[in-house]
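Content type CSV, C-alpha atoms, from the file start25.csv:
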chain,number,residue,atom,x,y,z
A,1,MET,CA,-15.4,-1.9,19.7
A,2,SER,CA,-12.3,-0.5,18.2
A,3,SER,CA,-9.1,-0.4,20.1
A,4,ALA,CA,-7.9,2.8,18.3
A,5,VAL,CA,-7.2,5.8,20.4
A,6,VAL,CA,-10.2,8.2,20.5
A,7,PRO,CA,-9.0,11.5,19.0
A,8,PRO,CA,-9.2,14.7,21.0
A,9,VAL,CA,-12.4,16.0,19.5
A,10,GLY,CA,-12.8,18.9,21.9
A,11,ALA,CA,-9.2,20.1,21.3
A,12,ARG,CA,-9.7,20.1,17.6
A,13,ILE,CA,-13.0,22.0,17.8
A,14,ARG,CA,-11.2,24.6,20.0
A,15,GLN,CA,-8.3,24.8,17.5
A,16,ALA,CA,-10.7,25.4,14.6
A,17,ARG,CA,-12.6,28.0,16.6
A,18,LEU,CA,-9.4,29.9,17.4
A,19,GLU,CA,-8.3,29.7,13.8
A,20,ARG,CA,-11.6,31.2,12.8
A,21,GLY,CA,-11.3,34.0,15.4
A,22,THR,CA,-14.6,33.1,17.0
A,23,SER,CA,-15.2,33.5,20.7
A,24,LEU,CA,-16.6,30.7,22.7
A,25,ARG,CA,-19.8,32.7,23.4
A,26,ALA,CA,-20.2,33.6,19.7
A,27,LEU,CA,-19.9,29.9,18.7
A,28,ALA,CA,-22.4,28.9,21.3
A,29,ARG,CA,-24.9,31.5,20.0
A,30,GLU,CA,-24.4,30.4,16.4
A,31,VAL,CA,-25.0,26.7,17.4
A,32,GLY,CA,-27.8,27.4,19.8
A,33,VAL,CA,-26.3,25.9,22.9
A,34,SER,CA,-24.9,27.3,26.1
A,35,ALA,CA,-21.3,28.6,26.3
A,36,SER,CA,-20.8,26.3,29.2
A,37,LEU,CA,-21.6,23.2,27.0
A,38,VAL,CA,-19.2,24.4,24.3
A,39,SER,CA,-16.5,24.8,27.0
A,40,GLN,CA,-17.1,21.4,28.4
A,41,ILE,CA,-16.9,19.8,24.9
A,42,GLU,CA,-13.6,21.6,24.2
A,43,THR,CA,-12.1,20.5,27.5
A,44,GLY,CA,-13.3,16.9,27.0
A,45,LYS,CA,-15.6,17.0,30.0
A,46,SER,CA,-18.6,16.4,27.8
A,47,GLN,CA,-19.2,14.8,24.4
A,48,PRO,CA,-21.5,16.4,21.8
A,49,SER,CA,-24.5,14.7,20.4
A,50,VAL,CA,-24.6,14.0,16.7
A,51,SER,CA,-26.8,17.0,16.1
A,52,THR,CA,-24.6,19.3,18.2
A,53,LEU,CA,-21.4,18.0,16.5
A,54,TYR,CA,-22.8,18.7,13.0
A,55,ALA,CA,-24.0,22.2,14.1
A,56,ILE,CA,-20.5,23.0,15.5
A,57,THR,CA,-18.6,21.8,12.4
A,58,THR,CA,-21.0,23.6,10.1
A,59,ALA,CA,-20.6,26.9,12.1
A,60,LEU,CA,-16.8,26.5,12.0
A,61,GLY,CA,-16.7,25.5,8.3
A,62,ILE,CA,-14.8,22.2,8.9
A,63,SER,CA,-15.7,18.7,8.1
A,64,VAL,CA,-16.7,15.9,10.5
A,65,GLU,CA,-14.0,13.8,8.9
A,66,SER,CA,-11.3,16.3,10.1
A,67,LEU,CA,-12.2,15.5,13.7
A,68,PHE,CA,-10.8,12.0,13.4
A,69,ASP,CA,-7.4,13.3,12.3
A,70,ALA,CA,-5.7,14.1,15.5
A,71,GLY,CA,-2.3,14.4,13.9
A,72,GLU,CA,-3.2,16.7,11.1
A,73,THR,CA,-4.3,20.3,10.7
A,74,VAL,CA,-8.1,20.9,10.8
A,75,ARG,CA,-8.3,22.6,7.4
A,76,GLU,CA,-7.4,20.2,4.6
A,77,THR,CA,-9.9,21.1,1.9
A,78,VAL,CA,-9.4,23.5,-1.0
A,79,PRO,CA,-11.1,26.9,-0.4
A,80,GLU,CA,-14.4,27.3,-2.1
A,81,THR,CA,-13.1,30.4,-3.8
A,82,ALA,CA,-10.5,28.3,-5.8
A,83,SER,CA,-11.2,27.7,-9.4
A,84,LYS,CA,-12.9,24.5,-10.6
A,85,ALA,CA,-9.6,23.3,-12.2
A,86,VAL,CA,-7.7,23.8,-8.9
A,87,ARG,CA,-10.3,22.0,-6.9
A,88,GLU,CA,-10.4,19.1,-9.4
A,89,ALA,CA,-6.6,18.8,-9.3
A,90,ALA,CA,-6.5,18.8,-5.5
A,91,VAL,CA,-7.8,15.2,-5.2
A,92,PRO,CA,-5.0,13.4,-7.2
A,93,HIS,CA,-2.4,15.8,-5.5
A,94,ALA,CA,-3.7,14.8,-2.1
A,95,LEU,CA,-3.6,11.1,-3.0
A,96,ALA,CA,0.0,11.5,-4.0
A,97,VAL,CA,0.9,13.2,-0.7
A,98,PHE,CA,-0.9,10.6,1.4
A,99,ALA,CA,0.7,7.7,-0.6
A,100,ALA,CA,4.1,9.2,0.3
A,101,ARG,CA,3.0,9.3,3.9
A,102,PRO,CA,1.0,6.1,4.5
A,103,GLY,CA,0.8,6.7,8.3
A,104,ARG,CA,-1.6,9.6,7.7
A,105,ARG,CA,-3.9,7.7,5.4
A,106,ILE,CA,-6.8,5.6,6.5
A,107,GLY,CA,-7.0,2.7,4.0
A,108,PRO,CA,-7.1,1.2,1.5
A,109,LEU,CA,-7.8,-1.6,4.1
A,110,VAL,CA,-9.0,-0.9,7.6
A,111,GLY,CA,-9.0,-3.9,9.9
A,112,SER,CA,-11.8,-4.3,12.4
A,113,GLY,CA,-9.4,-3.6,15.3
A,114,GLY,CA,-7.9,-0.5,13.7
A,115,ARG,CA,-11.0,1.7,13.2
A,116,GLU,CA,-10.9,5.1,14.8
A,117,THR,CA,-13.8,5.7,17.2
A,118,LEU,CA,-15.8,8.7,18.4
A,119,GLU,CA,-18.0,8.2,21.4
A,120,LEU,CA,-20.7,10.8,21.2
A,121,ASP,CA,-23.4,11.9,23.7
A,122,SER,CA,-26.9,10.2,23.8
A,123,GLY,CA,-25.6,6.7,23.3
A,124,VAL,CA,-24.1,7.0,19.8
A,125,VAL,CA,-20.8,5.6,18.5
A,126,TRP,CA,-19.1,6.4,15.2
A,127,GLU,CA,-16.3,4.3,13.8
A,128,ARG,CA,-14.5,5.5,10.7
A,129,LEU,CA,-14.4,2.8,8.0
A,130,GLY,CA,-12.0,4.5,5.7
A,131,ARG,CA,-11.0,7.7,3.9
A,132,VAL,CA,-9.8,8.9,0.6
A,133,PRO,CA,-7.8,12.1,1.1
A,134,GLY,CA,-9.4,15.1,-0.6
A,135,ALA,CA,-12.8,13.4,-1.0
A,136,GLU,CA,-15.7,15.1,0.8
A,137,ALA,CA,-17.4,12.1,2.5
A,138,ASP,CA,-18.0,10.5,5.9
A,139,PHE,CA,-17.9,6.7,5.8
A,140,LEU,CA,-18.9,5.3,9.2
A,141,LEU,CA,-20.1,2.3,11.1
A,142,VAL,CA,-22.7,3.8,13.4
A,143,THR,CA,-24.0,2.2,16.6
A,144,TYR,CA,-27.1,3.5,18.5
A,145,ARG,CA,-27.2,1.9,21.9
A,146,PRO,CA,-30.6,1.1,23.4
A,147,GLY,CA,-32.3,4.5,24.1
A,148,GLY,CA,-29.7,6.3,22.0
A,149,SER,CA,-30.6,9.3,19.8
A,150,SER,CA,-28.8,11.6,17.4
A,151,SER,CA,-30.2,14.5,19.5
A,152,GLY,CA,-30.2,14.6,23.3
A,153,SER,CA,-32.9,17.3,23.3
A,154,GLY,CA,-35.1,15.5,20.8
A,155,GLY,CA,-34.8,18.2,18.2
A,156,LEU,CA,-34.2,17.5,14.5
A,157,MET,CA,-30.9,18.3,12.8
A,158,ARG,CA,-29.9,19.3,9.4
A,159,HIS,CA,-26.5,19.6,7.7
A,160,ALA,CA,-24.9,19.7,4.2
A,161,GLY,CA,-24.5,16.6,2.1
A,162,THR,CA,-26.5,13.6,0.9
A,163,GLU,CA,-27.0,10.8,3.4
A,164,TYR,CA,-27.0,7.0,2.7
A,165,GLY,CA,-27.6,4.4,5.4
A,166,TYR,CA,-27.9,0.6,5.6
A,167,LEU,CA,-28.9,-1.0,8.9
A,168,THR,CA,-27.2,-4.3,9.6
A,169,SER,CA,-28.8,-5.2,12.9
A,170,GLY,CA,-31.4,-3.9,15.4
A,171,GLU,CA,-34.1,-1.3,14.7
A,172,LEU,CA,-33.8,2.5,14.3
A,173,VAL,CA,-36.5,5.1,14.1
A,174,LEU,CA,-35.9,7.9,11.5
A,175,THR,CA,-37.8,11.1,11.7
A,176,LEU,CA,-37.5,12.8,8.4
A,177,GLY,CA,-39.3,16.1,8.0
A,178,PHE,CA,-42.9,15.3,9.0
A,179,GLU,CA,-42.6,11.6,8.4
A,180,GLU,CA,-41.4,8.8,10.7
A,181,TYR,CA,-39.9,5.5,9.5
A,182,THR,CA,-38.8,2.3,11.3
A,183,LEU,CA,-35.6,0.8,9.9
A,184,ARG,CA,-35.0,-2.9,10.4
A,185,ALA,CA,-32.0,-5.0,9.6
A,186,GLY,CA,-31.6,-5.0,5.8
A,187,ASP,CA,-33.4,-1.7,5.3
A,188,SER,CA,-31.6,1.3,3.7
A,189,VAL,CA,-32.3,5.0,3.5
A,190,CYS,CA,-31.1,7.9,1.4
A,191,PHE,CA,-32.0,11.6,1.5
A,192,GLU,CA,-30.6,15.1,1.4
A,193,SER,CA,-29.2,15.9,4.8
A,194,THR,CA,-30.6,19.4,4.7
A,195,THR,CA,-34.0,17.9,5.4
A,196,PRO,CA,-34.6,18.0,9.2
A,197,HIS,CA,-34.1,14.6,10.6
A,198,ARG,CA,-33.3,12.5,13.7
A,199,TYR,CA,-32.5,8.9,14.6
A,200,ARG,CA,-33.4,7.1,17.8
A,201,ASN,CA,-33.2,3.5,19.0
A,202,ASP,CA,-36.4,2.6,21.0
A,203,GLY,CA,-35.4,-1.0,21.2
A,204,GLU,CA,-33.5,-3.1,23.8
A,205,VAL,CA,-30.5,-4.1,21.5
A,206,PRO,CA,-28.0,-1.9,19.7
A,207,ALA,CA,-28.9,-0.7,16.2
A,208,VAL,CA,-25.9,-0.9,14.0
A,209,GLY,CA,-25.4,0.2,10.4
A,210,VAL,CA,-23.1,1.6,7.8
A,211,TRP,CA,-23.6,5.3,7.0
A,212,PHE,CA,-22.2,7.4,4.2
A,213,VAL,CA,-22.6,11.2,3.9
A,214,SER,CA,-21.3,12.5,0.6
A,215,GLY,CA,-21.0,15.9,-1.1
A,216,ASP,CA,-20.3,19.1,0.7
A,217,VAL,CA,-20.1,17.7,4.2
A,218,GLN,CA,-18.1,20.6,5.7
As structure tokens:
Amino acid sequence: MSSAVVPPVGARIRQARLERGTSLRALAREVGVSASLVSQIETGKSQPSVSTLYAITTALGISVESLFDAGETVRETVPETASKAVREAAVPHALAVFAARPGRRIGPLVGSGGRETLELDSGVVWERLGRVPGAEADFLLVTYRPGGSSSGSGGLMRHAGTEYGYLTSGELVLTLGFEEYTLRAGDSVCFESTTPHRYRNDGEVPAVGVWFVSGDVQ
């Protein structure tokens, strides 16, 4: 596992909620969970499941990527109302900014001991493999511990983006819409993340793989 400090996910969720002017109860209603759970997540007393984390970030209009960046402001992306030319110019501008401040950039090389890690509920661990500033993508090494699942309640999740995954070890069961697939080491998947889906590890060893969610992931 990575030795990098786990970022204060709950604090950043709270920051984004307050910036949006959303009450704790209103966010809980929008996500479909109790206000108590949101409060526990914000104070660090509880970790969200994968499905809850995506639901929260979608409701707040932030990216999952931003939760890794403890030293930066939550909102880094160009507003959707900006012109196409402005949005296209934002990426090289962001690259220039991050090149001048290398301490804020993840990459181009990320050593195995320097990956930032998020410990989520239901036996799931995310490790960030890298990042290109301004690019809308999640690039992760994902571990599902035995019995782990992307949803503690067993429900399916959906979120923006296109999802690509490659399993390097173990087995993982993917429920995608009305179908169920068993992924084994060497298998890969890709689908639109707006399709209801869930991952779970029914085996006795960790299931580990590389996942990449591209596109509008915020």
Inset, instruction - Show which residues sit within 12 Å of Val125 (chain A), as a PyMOL selection string. Count only C-alpha atoms, and ignore same-chain residues fewer than 3 positions away. - result: chain A and resi 1-2+6+47-50+115-122+128+140-146+148-150+206-211
Legend entry - Point (-10.9, 13.9, 3.8) neighbourhood (9 Å, all atoms listed in the file) written as a list in words: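 Using all atoms listed in the file, the matching residues come out as Ser63, Glu65, Ser66, Glu76, Thr77, Arg131, Val132, Pro133, Gly134, Ala135, Glu136, Ala137 and Asp138 of chain A.
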Inset, instruction - Could you check which of A:Leu67, A:Ala11, A:Cys190, A:Leu60 is closest to Thr162 (chain A), using only C-alpha atoms? - result: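 Using only C-alpha atoms, Thr162 (chain A) sits closest to A:Cys190.
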Legend entry - For Val9 (chain A), the nearest of the candidates A:Gly130, A:Gly114, A:Gly161, A:Gly44, counting all atoms listed in the file: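 Of all the options, A:Gly44 lies closest to Val9 (chain A).
CA of Gly10 (chain A) sits 19.7 Å away from CA of His159 (chain A).
Pairwise distance (CA of Asn201 (chain A), CA of Ile62 (chain A)) equals 28.1 Å.
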Inset, instruction - For each of A:Val213, A:Ala185, A:Thr52, A:Glu180, take the minimum atom-to-atom distance to Val33 (chain A), counting only C-alpha atoms, then give the residue where this is smallest. - result: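 The answer is A:Thr52, which sits nearest to Val33 (chain A).
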Legend entry - Length of the CA of Arg198 (chain A) to CA of Leu176 (chain A) vector [Å]: 6.8 Å
Legend entry - Distance criterion (all atoms listed in the file): nearest to Glu127 (chain A) out of A:Ser188, A:Phe212, A:Thr57, A:Glu179: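 Ranked by minimum distance to Glu127 (chain A), first place goes to A:Phe212.
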With 12 Å as the threshold, what does the neighbourhood of (-8.8, 24.7, 18.5) contain in terms of residues, counting all atoms listed in the file? Coordinates are those of the file; answer as a short mmCIF file (atom, residue, chain, number, x, y, z; two decimals) with C-alpha atoms, in the frame of the given file.
data_model
loop_
_atom_site.label_atom_id
_atom_site.label_comp_id
_atom_site.auth_asym_id
_atom_site.auth_seq_id
_atom_site.Cartn_x
_atom_site.Cartn_y
_atom_site.Cartn_z
CA PRO A 8 -9.20 14.70 21.00
CA VAL A 9 -12.40 16.00 19.50
CA GLY A 10 -12.80 18.90 21.90
CA ALA A 11 -9.20 20.10 21.30
CA ARG A 12 -9.70 20.10 17.60
CA ILE A 13 -13.00 22.00 17.80
CA ARG A 14 -11.20 24.60 20.00
CA GLN A 15 -8.30 24.80 17.50
CA ALA A 16 -10.70 25.40 14.60
CA ARG A 17 -12.60 28.00 16.60
CA LEU A 18 -9.40 29.90 17.40
CA GLU A 19 -8.30 29.70 13.80
CA ARG A 20 -11.60 31.20 12.80
CA GLY A 21 -11.30 34.00 15.40
CA THR A 22 -14.60 33.10 17.00
CA SER A 23 -15.20 33.50 20.70
CA LEU A 24 -16.60 30.70 22.70
CA VAL A 38 -19.20 24.40 24.30
CA SER A 39 -16.50 24.80 27.00
CA ILE A 41 -16.90 19.80 24.90
CA GLU A 42 -13.60 21.60 24.20
CA THR A 43 -12.10 20.50 27.50
CA THR A 57 -18.60 21.80 12.40
CA LEU A 60 -16.80 26.50 12.00
CA ILE A 62 -14.80 22.20 8.90
CA LEU A 67 -12.20 15.50 13.70
CA ALA A 70 -5.70 14.10 15.50
CA THR A 73 -4.30 20.30 10.70
CA VAL A 74 -8.10 20.90 10.80
CA ARG A 75 -8.30 22.60 7.40
#
Inset, instruction - Rank A:Thr175, A:Leu129, A:Gly186, A:Gly111 by their smallest atom-to-atom distance to Ser151 (chain A), using all atoms listed in the file, and report the top residue only. - result: A:Thr175
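Closest approach to Glu192 (chain A) among A:Gly177, A:Gly32, A:Gly61, A:Gly147 is made by A:Gly177 (distances from only C-alpha atoms).
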